[in-house]
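Q: My file is work28.cif. It has mmCIF, C-alpha atoms:
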data_final
loop_
_atom_site.group_PDB
_atom_site.id
_atom_site.type_symbol
_atom_site.label_atom_id
_atom_site.label_comp_id
_atom_site.auth_asym_id
_atom_site.auth_seq_id
_atom_site.Cartn_x
_atom_site.Cartn_y
_atom_site.Cartn_z
ATOM 1 C CA MET V 3 -97.681 19.843 -16.884
ATOM 2 C CA GLU V 4 -101.269 19.188 -15.824
ATOM 3 C CA TYR V 5 -102.009 15.492 -15.529
ATOM 4 C CA THR V 6 -105.524 14.382 -14.624
ATOM 5 C CA ARG V 7 -105.585 10.747 -15.800
ATOM 6 C CA ASP V 8 -105.931 8.332 -12.882
ATOM 7 C CA LEU V 9 -104.533 4.996 -14.024
ATOM 8 C CA SER V 10 -103.175 3.847 -10.670
ATOM 9 C CA GLY V 11 -105.556 0.886 -10.438
ATOM 10 C CA ALA V 12 -104.881 -0.136 -14.022
ATOM 11 C CA MET V 13 -101.135 0.119 -13.428
ATOM 12 C CA GLU V 14 -101.341 -2.258 -10.487
ATOM 13 C CA ASP V 15 -103.424 -4.677 -12.585
ATOM 14 C CA VAL V 16 -100.849 -4.628 -15.395
ATOM 15 C CA ILE V 17 -97.940 -5.255 -13.045
ATOM 16 C CA SER V 18 -99.835 -8.028 -11.288
ATOM 17 C CA THR V 19 -100.428 -9.667 -14.673
ATOM 18 C CA VAL V 20 -96.781 -9.475 -15.679
ATOM 19 C CA VAL V 21 -95.196 -10.291 -12.324
ATOM 20 C CA SER V 22 -97.225 -13.413 -11.622
ATOM 21 C CA GLY V 23 -96.910 -17.178 -11.709
ATOM 22 C CA ASP V 24 -93.348 -18.311 -12.302
ATOM 23 C CA PHE V 25 -92.072 -14.918 -13.471
ATOM 24 C CA LEU V 26 -89.900 -14.089 -10.459
ATOM 25 C CA SER V 27 -88.585 -17.614 -9.966
ATOM 26 C CA GLN V 28 -88.076 -18.728 -13.575
ATOM 27 C CA VAL V 29 -88.132 -15.728 -15.955
ATOM 28 C CA TYR V 30 -86.834 -12.620 -14.178
ATOM 29 C CA HIS V 31 -83.139 -12.066 -15.047
ATOM 30 C CA ARG V 32 -83.123 -15.373 -16.983
ATOM 31 C CA GLU V 33 -85.183 -15.419 -20.181
ATOM 32 C CA HIS V 34 -87.374 -13.196 -22.335
ATOM 33 C CA ARG V 35 -91.156 -13.402 -22.329
ATOM 34 C CA VAL V 36 -93.986 -11.637 -24.167
ATOM 35 C CA PHE V 37 -97.249 -10.639 -22.466
ATOM 36 C CA PRO V 38 -99.773 -9.957 -25.277
ATOM 37 C CA GLY V 39 -102.194 -7.134 -24.476
ATOM 38 C CA ALA V 40 -101.040 -6.879 -20.854
ATOM 39 C CA ALA V 41 -100.683 -3.082 -21.031
ATOM 40 C CA GLU V 42 -103.863 -2.358 -22.965
ATOM 41 C CA LYS V 43 -105.425 -0.624 -19.939
ATOM 42 C CA ILE V 44 -102.540 1.840 -19.566
ATOM 43 C CA ARG V 45 -101.867 2.809 -23.166
ATOM 44 C CA ASP V 46 -103.269 6.248 -22.327
ATOM 45 C CA VAL V 47 -100.484 6.835 -19.811
ATOM 46 C CA PHE V 48 -98.462 8.468 -22.579
ATOM 47 C CA GLY V 49 -99.328 9.396 -26.143
ATOM 48 C CA TRP V 50 -98.413 11.610 -29.067
ATOM 49 C CA ASP V 51 -99.940 14.715 -27.463
ATOM 50 C CA ASP V 52 -97.817 14.132 -24.371
ATOM 51 C CA LEU V 53 -94.692 13.860 -26.504
ATOM 52 C CA ASN V 54 -95.544 17.065 -28.366
ATOM 53 C CA GLN V 55 -96.060 18.890 -25.089
ATOM 54 C CA LEU V 56 -92.724 17.714 -23.681
ATOM 55 C CA LEU V 57 -90.895 18.795 -26.818
ATOM 56 C CA GLU V 58 -92.568 22.208 -26.690
ATOM 57 C CA THR V 59 -92.051 22.926 -22.984
ATOM 58 C CA HIS V 60 -88.759 21.256 -21.982
ATOM 59 C CA PRO V 61 -85.228 22.246 -23.066
ATOM 60 C CA LEU V 62 -84.321 18.714 -24.101
ATOM 61 C CA ARG V 63 -80.729 18.229 -25.214
ATOM 62 C CA SER V 64 -78.344 15.319 -25.715
ATOM 63 C CA PRO V 65 -77.813 12.947 -23.985
ATOM 64 C CA GLN V 66 -81.374 13.080 -22.574
ATOM 65 C CA MET V 67 -82.865 13.338 -26.065
ATOM 66 C CA ARG V 68 -81.218 11.912 -29.171
ATOM 67 C CA LEU V 69 -82.033 11.110 -32.773
ATOM 68 C CA SER V 70 -80.418 7.956 -34.168
ATOM 69 C CA ARG V 71 -80.542 5.739 -37.251
ATOM 70 C CA ASP V 72 -78.612 2.574 -38.083
ATOM 71 C CA GLY V 73 -76.462 2.886 -34.983
ATOM 72 C CA LYS V 74 -75.378 6.476 -35.616
ATOM 73 C CA GLN V 75 -76.458 9.502 -33.603
ATOM 74 C CA LEU V 76 -77.583 12.552 -35.541
ATOM 75 C CA ALA V 77 -75.760 15.794 -34.718
ATOM 76 C CA GLU V 78 -77.919 18.275 -32.816
ATOM 77 C CA ALA V 79 -77.288 20.937 -35.451
ATOM 78 C CA ALA V 80 -79.385 18.864 -37.851
ATOM 79 C CA TYR V 81 -82.582 19.421 -35.838
ATOM 80 C CA MET V 82 -81.837 22.175 -33.298
ATOM 81 C CA GLU V 83 -81.466 25.931 -33.729
ATOM 82 C CA ALA V 84 -79.685 28.565 -31.660
ATOM 83 C CA ARG V 85 -81.245 31.981 -31.191
ATOM 84 C CA THR V 86 -80.114 35.061 -29.320
ATOM 85 C CA SER V 87 -82.730 37.275 -27.720
ATOM 86 C CA ARG V 88 -82.661 41.065 -27.677
ATOM 87 C CA ARG V 89 -81.170 40.882 -24.195
ATOM 88 C CA GLY V 90 -78.343 38.715 -25.439
ATOM 89 C CA ARG V 91 -79.598 35.422 -24.029
ATOM 90 C CA ARG V 92 -78.664 32.499 -26.254
ATOM 91 C CA ARG V 93 -81.142 29.651 -26.412
ATOM 92 C CA VAL V 94 -80.901 26.328 -28.194
ATOM 93 C CA ARG V 95 -84.216 24.718 -29.021
ATOM 94 C CA ILE V 96 -85.808 22.289 -31.439
ATOM 95 C CA ASP V 97 -86.323 23.422 -35.004
ATOM 96 C CA PRO V 98 -89.759 21.945 -35.867
ATOM 97 C CA VAL V 99 -89.114 21.783 -39.610
ATOM 98 C CA LYS V 100 -85.708 20.109 -39.248
ATOM 99 C CA LEU V 101 -87.042 17.700 -36.625
ATOM 100 C CA ARG V 102 -89.907 16.560 -38.853
ATOM 101 C CA ALA V 103 -87.499 16.065 -41.745
ATOM 102 C CA ALA V 104 -85.121 13.964 -39.642
ATOM 103 C CA LEU V 105 -87.919 11.789 -38.270
ATOM 104 C CA SER V 106 -89.432 11.334 -41.730
ATOM 105 C CA ALA V 107 -85.984 10.253 -42.983
ATOM 106 C CA GLY V 108 -86.005 7.305 -40.591
ATOM 107 C CA HIS V 109 -84.369 8.619 -37.436
ATOM 108 C CA THR V 110 -85.715 7.396 -34.103
ATOM 109 C CA LEU V 111 -86.308 9.871 -31.300
ATOM 110 C CA SER V 112 -85.187 8.523 -27.930
ATOM 111 C CA MET V 113 -85.662 10.216 -24.584
ATOM 112 C CA ARG V 114 -84.079 9.147 -21.298
ATOM 113 C CA TYR V 115 -85.569 9.596 -17.818
ATOM 114 C CA LEU V 116 -89.107 10.081 -19.118
ATOM 115 C CA ASP V 117 -90.402 9.251 -15.632
ATOM 116 C CA GLU V 118 -88.688 12.364 -14.253
ATOM 117 C CA ILE V 119 -90.603 14.778 -16.476
ATOM 118 C CA HIS V 120 -93.981 13.089 -17.002
ATOM 119 C CA PRO V 121 -96.336 12.477 -14.035
ATOM 120 C CA GLY V 122 -98.128 9.441 -15.461
ATOM 121 C CA VAL V 123 -94.962 7.579 -16.400
ATOM 122 C CA SER V 124 -93.543 8.524 -12.996
ATOM 123 C CA GLN V 125 -96.503 6.771 -11.346
ATOM 124 C CA LEU V 126 -95.958 3.685 -13.491
ATOM 125 C CA SER V 127 -92.259 3.613 -12.650
ATOM 126 C CA GLU V 128 -93.000 3.928 -8.943
ATOM 127 C CA ALA V 129 -95.513 1.069 -9.132
ATOM 128 C CA PHE V 130 -92.877 -1.196 -10.672
ATOM 129 C CA GLU V 131 -90.385 -0.146 -8.002
ATOM 130 C CA ARG V 132 -92.766 -1.131 -5.217
ATOM 131 C CA ARG V 133 -93.371 -4.569 -6.723
ATOM 132 C CA LEU V 134 -89.789 -5.432 -7.731
ATOM 133 C CA LEU V 135 -87.995 -3.614 -4.890
ATOM 134 C CA SER V 136 -85.559 -2.058 -7.303
ATOM 135 C CA ASP V 137 -84.767 1.260 -8.919
ATOM 136 C CA PHE V 138 -86.700 1.787 -12.137
ATOM 137 C CA GLU V 139 -86.576 4.341 -14.932
ATOM 138 C CA PHE V 140 -88.432 4.717 -18.220
ATOM 139 C CA ASN V 141 -87.056 5.752 -21.586
ATOM 140 C CA LEU V 142 -89.080 6.587 -24.691
ATOM 141 C CA TYR V 143 -88.614 5.641 -28.349
ATOM 142 C CA ALA V 144 -90.624 7.107 -31.236
ATOM 143 C CA SER V 145 -90.095 6.249 -34.905
ATOM 144 C CA TRP V 146 -91.946 6.771 -38.160
ATOM 145 C CA ALA V 147 -90.086 4.599 -40.690
ATOM 146 C CA PRO V 148 -89.075 0.908 -40.885
ATOM 147 C CA THR V 149 -85.485 1.519 -39.830
ATOM 148 C CA GLY V 150 -83.481 0.639 -36.739
ATOM 149 C CA SER V 151 -81.946 3.162 -34.376
ATOM 150 C CA PHE V 152 -79.116 1.367 -32.557
ATOM 151 C CA ASN V 153 -78.503 -1.771 -34.651
ATOM 152 C CA THR V 154 -78.124 -5.132 -32.895
ATOM 153 C CA HIS V 155 -76.934 -4.542 -29.336
ATOM 154 C CA TRP V 156 -77.280 -5.687 -25.730
ATOM 155 C CA ASP V 157 -78.030 -3.753 -22.535
ATOM 156 C CA ASP V 158 -76.410 -4.075 -19.129
ATOM 157 C CA HIS V 159 -79.823 -4.041 -17.395
ATOM 158 C CA ASP V 160 -83.158 -5.845 -17.595
ATOM 159 C CA VAL V 161 -85.955 -4.072 -19.474
ATOM 160 C CA PHE V 162 -89.731 -4.103 -19.730
ATOM 161 C CA VAL V 163 -90.869 -2.903 -23.170
ATOM 162 C CA VAL V 164 -94.386 -1.436 -23.318
ATOM 163 C CA GLN V 165 -95.660 -0.904 -26.853
ATOM 164 C CA LEU V 166 -98.072 2.066 -26.891
ATOM 165 C CA GLN V 167 -98.625 2.861 -30.572
ATOM 166 C CA GLY V 168 -97.781 1.156 -33.864
ATOM 167 C CA LYS V 169 -95.881 -2.121 -34.214
ATOM 168 C CA LYS V 170 -92.259 -2.957 -33.464
ATOM 169 C CA ARG V 171 -90.375 -6.024 -34.640
ATOM 170 C CA TRP V 172 -87.864 -7.494 -32.197
ATOM 171 C CA ARG V 173 -85.260 -10.013 -33.260
ATOM 172 C CA ILE V 174 -83.704 -11.557 -30.146
ATOM 173 C CA PHE V 175 -80.409 -13.426 -30.187
ATOM 174 C CA GLY V 176 -78.461 -15.264 -27.505
ATOM 175 C CA ARG V 177 -76.954 -13.773 -24.382
ATOM 176 C CA ASN V 178 -73.710 -11.857 -24.543
ATOM 177 C CA GLU V 179 -70.745 -13.856 -23.270
ATOM 178 C CA PHE V 180 -68.150 -11.115 -23.778
ATOM 179 C CA SER V 181 -68.533 -8.899 -20.731
ATOM 180 C CA MET V 182 -71.239 -7.396 -18.556
ATOM 181 C CA HIS V 183 -69.170 -4.461 -17.344
ATOM 182 C CA PRO V 184 -71.106 -1.228 -18.073
ATOM 183 C CA ALA V 185 -67.892 0.642 -18.926
ATOM 184 C CA ASP V 186 -67.017 -1.684 -21.793
ATOM 185 C CA SER V 187 -67.349 0.216 -25.051
ATOM 186 C CA ALA V 188 -66.896 -2.835 -27.283
ATOM 187 C CA MET V 189 -70.184 -4.656 -27.676
ATOM 188 C CA GLY V 190 -68.629 -7.802 -29.126
ATOM 189 C CA THR V 191 -70.200 -9.803 -31.956
ATOM 190 C CA PRO V 192 -73.834 -10.950 -31.815
ATOM 191 C CA PRO V 193 -74.643 -14.629 -32.345
ATOM 192 C CA ALA V 194 -75.777 -15.609 -35.821
ATOM 193 C CA GLU V 195 -78.776 -17.611 -34.624
ATOM 194 C CA VAL V 196 -82.016 -15.773 -33.900
ATOM 195 C CA VAL V 197 -83.646 -17.039 -30.699
ATOM 196 C CA ASP V 198 -86.965 -15.301 -31.337
ATOM 197 C CA ASP V 199 -88.480 -13.066 -34.010
ATOM 198 C CA LEU V 200 -91.606 -11.303 -32.809
ATOM 199 C CA VAL V 201 -93.755 -8.233 -33.422
ATOM 200 C CA LEU V 202 -95.154 -6.173 -30.564
ATOM 201 C CA SER V 203 -98.591 -4.629 -31.110
ATOM 202 C CA PRO V 204 -100.126 -1.801 -29.059
ATOM 203 C CA GLY V 205 -100.652 -2.992 -25.492
ATOM 204 C CA ASP V 206 -98.072 -5.788 -25.637
ATOM 205 C CA VAL V 207 -95.287 -6.060 -23.060
ATOM 206 C CA LEU V 208 -91.889 -7.699 -23.587
ATOM 207 C CA PHE V 209 -89.488 -8.587 -20.801
ATOM 208 C CA LEU V 210 -85.874 -8.835 -21.943
ATOM 209 C CA PRO V 211 -83.089 -9.763 -19.502
ATOM 210 C CA ARG V 212 -79.719 -8.107 -19.268
ATOM 211 C CA GLY V 213 -77.161 -9.109 -21.896
ATOM 212 C CA PHE V 214 -79.452 -10.530 -24.590
ATOM 213 C CA TRP V 215 -78.649 -9.253 -28.062
ATOM 214 C CA HIS V 216 -81.646 -7.661 -29.781
ATOM 215 C CA ASP V 217 -82.494 -5.656 -32.877
ATOM 216 C CA PRO V 218 -85.733 -3.611 -32.686
ATOM 217 C CA VAL V 219 -87.090 -2.206 -35.959
ATOM 218 C CA THR V 220 -90.332 -0.341 -36.607
ATOM 219 C CA GLU V 221 -92.660 -2.770 -38.362
ATOM 220 C CA GLU V 222 -95.644 -0.509 -38.804
ATOM 221 C CA GLY V 223 -95.403 3.150 -37.914
ATOM 222 C CA PRO V 224 -95.543 5.497 -36.425
ATOM 223 C CA SER V 225 -94.340 3.489 -33.434
ATOM 224 C CA LEU V 226 -94.192 4.660 -29.833
ATOM 225 C CA HIS V 227 -92.913 2.543 -26.962
ATOM 226 C CA ILE V 228 -91.378 3.011 -23.539
ATOM 227 C CA THR V 229 -88.833 0.778 -21.854
ATOM 228 C CA GLY V 230 -88.477 0.380 -18.127
ATOM 229 C CA SER V 231 -84.842 -0.202 -17.154
ATOM 230 C CA ILE V 232 -83.954 -2.218 -14.049
ATOM 231 C CA PRO V 233 -80.350 -2.017 -12.835
ATOM 232 C CA CYS V 234 -78.951 -5.387 -11.811
ATOM 233 C CA THR V 235 -77.665 -6.217 -8.346
ATOM 234 C CA THR V 236 -74.065 -7.432 -8.497
ATOM 235 C CA GLY V 237 -71.347 -8.776 -6.271
ATOM 236 C CA LEU V 238 -69.916 -5.271 -6.201
ATOM 237 C CA ASP V 239 -73.136 -4.051 -4.554
ATOM 238 C CA LEU V 240 -72.774 -6.790 -1.957
ATOM 239 C CA ALA V 241 -69.130 -5.929 -1.297
ATOM 240 C CA ARG V 242 -69.908 -2.226 -0.894
ATOM 241 C CA TRP V 243 -72.733 -2.951 1.524
ATOM 242 C CA LEU V 244 -70.574 -5.327 3.541
ATOM 243 C CA LEU V 245 -67.735 -2.828 3.806
ATOM 244 C CA ASP V 246 -70.195 -0.251 5.061
ATOM 245 C CA GLU V 247 -71.416 -2.769 7.642
ATOM 246 C CA LEU V 248 -67.816 -3.275 8.805
ATOM 247 C CA ARG V 249 -66.855 0.397 8.921
ATOM 248 C CA GLU V 250 -66.497 0.297 12.748
ATOM 249 C CA ASP V 251 -64.973 -3.191 12.945
ATOM 250 C CA GLU V 252 -61.704 -3.250 14.893
ATOM 251 C CA ALA V 253 -59.782 -5.287 12.324
ATOM 252 C CA MET V 254 -60.964 -3.125 9.431
ATOM 253 C CA CYS V 255 -60.106 0.103 11.232
ATOM 254 C CA ALA V 256 -56.549 -0.856 12.174
ATOM 255 C CA GLU V 257 -53.978 1.605 10.912
ATOM 256 C CA LEU V 258 -52.074 0.456 7.852
ATOM 257 C CA LEU V 259 -48.601 1.858 8.429
ATOM 258 C CA ARG V 260 -46.542 2.789 5.401
ATOM 259 C CA PHE V 261 -43.175 3.212 7.076
ATOM 260 C CA GLY V 262 -41.393 1.180 9.735
ATOM 261 C CA ARG V 263 -41.191 -2.563 10.169
ATOM 262 C CA LEU V 264 -42.520 -4.549 7.181
ATOM 263 C CA GLU V 265 -44.303 -7.098 9.364
ATOM 264 C CA GLU V 266 -46.645 -4.488 10.838
ATOM 265 C CA PRO V 267 -48.733 -3.754 7.682
ATOM 266 C CA GLN V 268 -48.616 -7.431 6.763
ATOM 267 C CA GLU V 269 -50.248 -8.251 10.101
ATOM 268 C CA VAL V 270 -53.005 -5.729 9.392
ATOM 269 C CA LEU V 271 -53.595 -7.299 5.972
ATOM 270 C CA ARG V 272 -53.818 -10.729 7.547
ATOM 271 C CA LYS V 273 -56.491 -9.544 9.984
ATOM 272 C CA VAL V 274 -58.432 -7.801 7.231
ATOM 273 C CA ARG V 275 -58.413 -10.948 5.077
ATOM 274 C CA GLU V 276 -59.584 -13.059 8.002
ATOM 275 C CA ARG V 277 -62.346 -10.609 8.876
ATOM 276 C CA LEU V 278 -63.624 -10.397 5.306
ATOM 277 C CA HIS V 279 -63.431 -14.154 4.849
ATOM 278 C CA GLY V 280 -65.444 -14.632 8.006
ATOM 279 C CA ALA V 281 -67.988 -12.004 7.004
ATOM 280 C CA PHE V 282 -68.539 -13.512 3.549
ATOM 281 C CA ALA V 283 -68.907 -16.971 5.134
ATOM 282 C CA GLU V 284 -71.798 -15.960 7.396
ATOM 283 C CA GLU V 285 -74.855 -18.032 6.537
ATOM 284 C CA ASP V 286 -77.328 -15.161 6.743
ATOM 285 C CA LEU V 287 -75.213 -12.727 4.695
ATOM 286 C CA LEU V 288 -77.446 -12.685 1.626
ATOM 287 C CA GLN V 289 -80.624 -12.522 3.701
ATOM 288 C CA ARG V 290 -79.328 -9.468 5.564
ATOM 289 C CA PHE V 291 -78.098 -7.871 2.340
ATOM 290 C CA PHE V 292 -81.421 -8.209 0.527
ATOM 291 C CA ALA V 293 -83.337 -7.175 3.646
ATOM 292 C CA ALA V 294 -81.282 -3.979 3.746
ATOM 293 C CA ARG V 295 -82.018 -3.288 0.076
ATOM 294 C CA ASP V 296 -85.705 -4.064 0.554
ATOM 295 C CA GLY V 297 -85.790 -1.490 3.327
ATOM 296 C CA ALA V 298 -84.444 1.251 1.082
ATOM 297 C CA GLN V 299 -86.830 4.060 0.276
ATOM 298 C CA PHE V 300 -87.850 3.866 -3.369
ATOM 299 C CA GLY V 301 -90.202 6.305 -5.009
ATOM 300 C CA ARG V 302 -90.316 9.749 -6.553
ATOM 301 C CA PHE V 303 -89.233 13.028 -5.081
ATOM 302 C CA ARG V 304 -92.082 14.789 -3.311
ATOM 303 C CA LEU V 305 -91.997 18.491 -2.500
ATOM 304 C CA GLY V 306 -94.369 20.158 -0.064
ATOM 305 C CA LEU V 307 -94.198 23.936 0.020
ATOM 306 C CA PRO V 308 -95.155 25.751 3.232
ATOM 307 C CA ASP V 309 -98.864 26.380 3.667
ATOM 308 C CA VAL V 310 -100.018 29.627 2.169
ATOM 309 C CA GLY V 311 -102.238 31.630 4.493
ATOM 310 C CA PRO V 312 -104.720 34.379 3.641
ATOM 311 C CA ALA V 313 -103.419 37.458 1.897
ATOM 312 C CA PRO V 314 -102.431 40.282 4.261
ATOM 313 C CA ALA V 315 -104.960 43.042 4.755
ATOM 314 C CA ALA V 316 -104.494 46.067 2.516
#
Show me, as structure tokens, the structure contained in the file I just sent.

A:
Amino acid sequence: MEYTRDLSGAMEDVISTVVSGDFLSQVYHREHRVFPGAAEKIRDVFGWDDLNQLLETHPLRSPQMRLSRDGKQLAEAAYMEARTSRRGRRRVRIDPVKLRAALSAGHTLSMRYLDEIHPGVSQLSEAFERRLLSDFEFNLYASWAPTGSFNTHWDDHDVFVVQLQGKKRWRIFGRNEFSMHPADSAMGTPPAEVVDDLVLSPGDVLFLPRGFWHDPVTEEGPSLHITGSIPCTTGLDLARWLLDELREDEAMCAELLRFGRLEEPQEVLRKVRERLHGAFAEEDLLQRFFAARDGAQFGRFRLGLPDVGPAPAA
């Protein structure tokens, strides 16, 4: 896909506007906040023509692309068609007529990993990664009717919502107290009290922390927005990093015998517990952990083919 729009300066300006003041110390991971018009300069990063081109040129299937309404996913057969070529190759692709009908009936089109297939959104994602020192990925949501796609739910990651076209109403409830484990299939029950009821207009940005119940519904369509997902750093990440740091430690590498005298493996366990307790008690543990993560190489995959010389003489 040819991409000639240079919005790098505007992207940096937008991120500087959002990630400023008390955002990192008081808002990030903690509470939601709206930034009216903050993304006005980068609304051209992705539009309806871009979406049409992706749908025409990429073999998008579930789970990367889905159609949903009222919390239920639409079966692919309702908007895809399978064809077999003269050579016997079977291809599954979008049926334009069925897709238009499903979208007109109130289904929302969602697309994961938009930053992996669109150059402009990839640049925006990389700019966020540099500023927040975290992985970052963008998903897309397009809807044409005042219906919801996933019902009231919570996410296990922080998100930045960038409204590009149309208006979206967001009802935000309290934070989930049930579980934050990403493998949990049961969402729990959302609180009855609405914390905030707001409408995002084109160019607005919403930050929503992990775990907050929310119910987005198209207020005025067609609506197009992208959400940047930020995976959270957990104690499990710390434990994994620490174990990797201790992979050559004498106590951690002692052989744990299965057969023989019972006191032998118990002695190994005692040494392991002492070593881990001491490692977790080190005063600079968190500083070293975050320094290691800050030193990780974020950014997009770059491929450089070998130089192509002049054509050989005939």

Q: List the residues matched by the PyMOL selection byres ((chain V and resi 66-74) around 10) in the displayed structure as a ChimeraX atom specification, ordered by chain and then by residue number.

A: /V:57,61-65,75-78,80-81,101,104-105,107-116,141-145,149-155,219

Q: Given the file above and the PyMOL selection byres ((chain V and resi 208) around 10), which residues are selected, and can you give them as an NGL selection string?

A: :V and (20 or 34-38 or 40 or 161-165 or 172 or 200 or 202 or 206-207 or 209-211 or 229)

Q: Closest to Gly11 in chain V among V:Asn54, V:Gln28, V:Gln167, V:Gln125, using only C-alpha atoms?

A: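 Closest to Gly11 in chain V, using only C-alpha atoms: V:Gln125.
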
Q: Between V:Arg132, V:Lys170, V:Arg89, V:Arg45, which residue has the minimum interatomic distance to Ser225 in chain V, considering all atoms listed in the file?

A: V:Lys170

Q: Which one of V:Asp97, V:Asp8, V:Asp239, V:Asp251 sits closest to Ile44 in chain V if you count all atoms listed in the file?

A: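 Of the candidates, the smallest distance to Ile44 in chain V is held by V:Asp8.
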
Q: Run the PyMOL selection byres ((chain V and resi 83) around 7) on the file and write out the hits as a ChimeraX atom specification.

A: /V:79,81-82,84-85,94-97

Q: How far is it from CA of Gly49 in chain V to CA of Lys100 in chain V, in Å with one decimal?

A: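 Atom-to-atom, CA of Gly49 in chain V to CA of Lys100 in chain V, that is 21.7 Å.
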
Q: One number please: CA of Gln268 in chain V to CA of Gly237 in chain V, in Å, one decimal.

A: 26.2 Å

Q: Report as a PyMOL selection string all protein, DNA and RNA residues lying within 7 Å of Lys273 in chain V, evaluated on all atoms listed in the file, omitting residues in the same chain fewer than 4 positions from it.

A: chain V and resi 253+269+277

Q: Output the selection as a PDB file, in the frame of the given file - C-alpha atoms for each residue.

A:
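Result saved to result-v2.pdb:
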ATOM      1  CA  ALA V 253     -59.782  -5.287  12.324  1.00  0.00           C
ATOM      2  CA  GLU V 269     -50.248  -8.251  10.101  1.00  0.00           C
ATOM      3  CA  ARG V 277     -62.346 -10.609   8.876  1.00  0.00           C
TER       4      ARG V 277
END

Q: Work out how far apart CA of Ala256 in chain V and CA of Val270 in chain V are and give it in Å to one decimal.

A: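 If I compute the distance from CA of Ala256 in chain V to CA of Val270 in chain V, I get 6.6 Å.
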
Q: Just checking: using all atoms listed in the file, which residue out of V:His31, V:Lys169, V:His227, V:Arg177 ends up closest to Trp215 in chain V?

A: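 Result for the nearest residue to Trp215 in chain V: V:Arg177.
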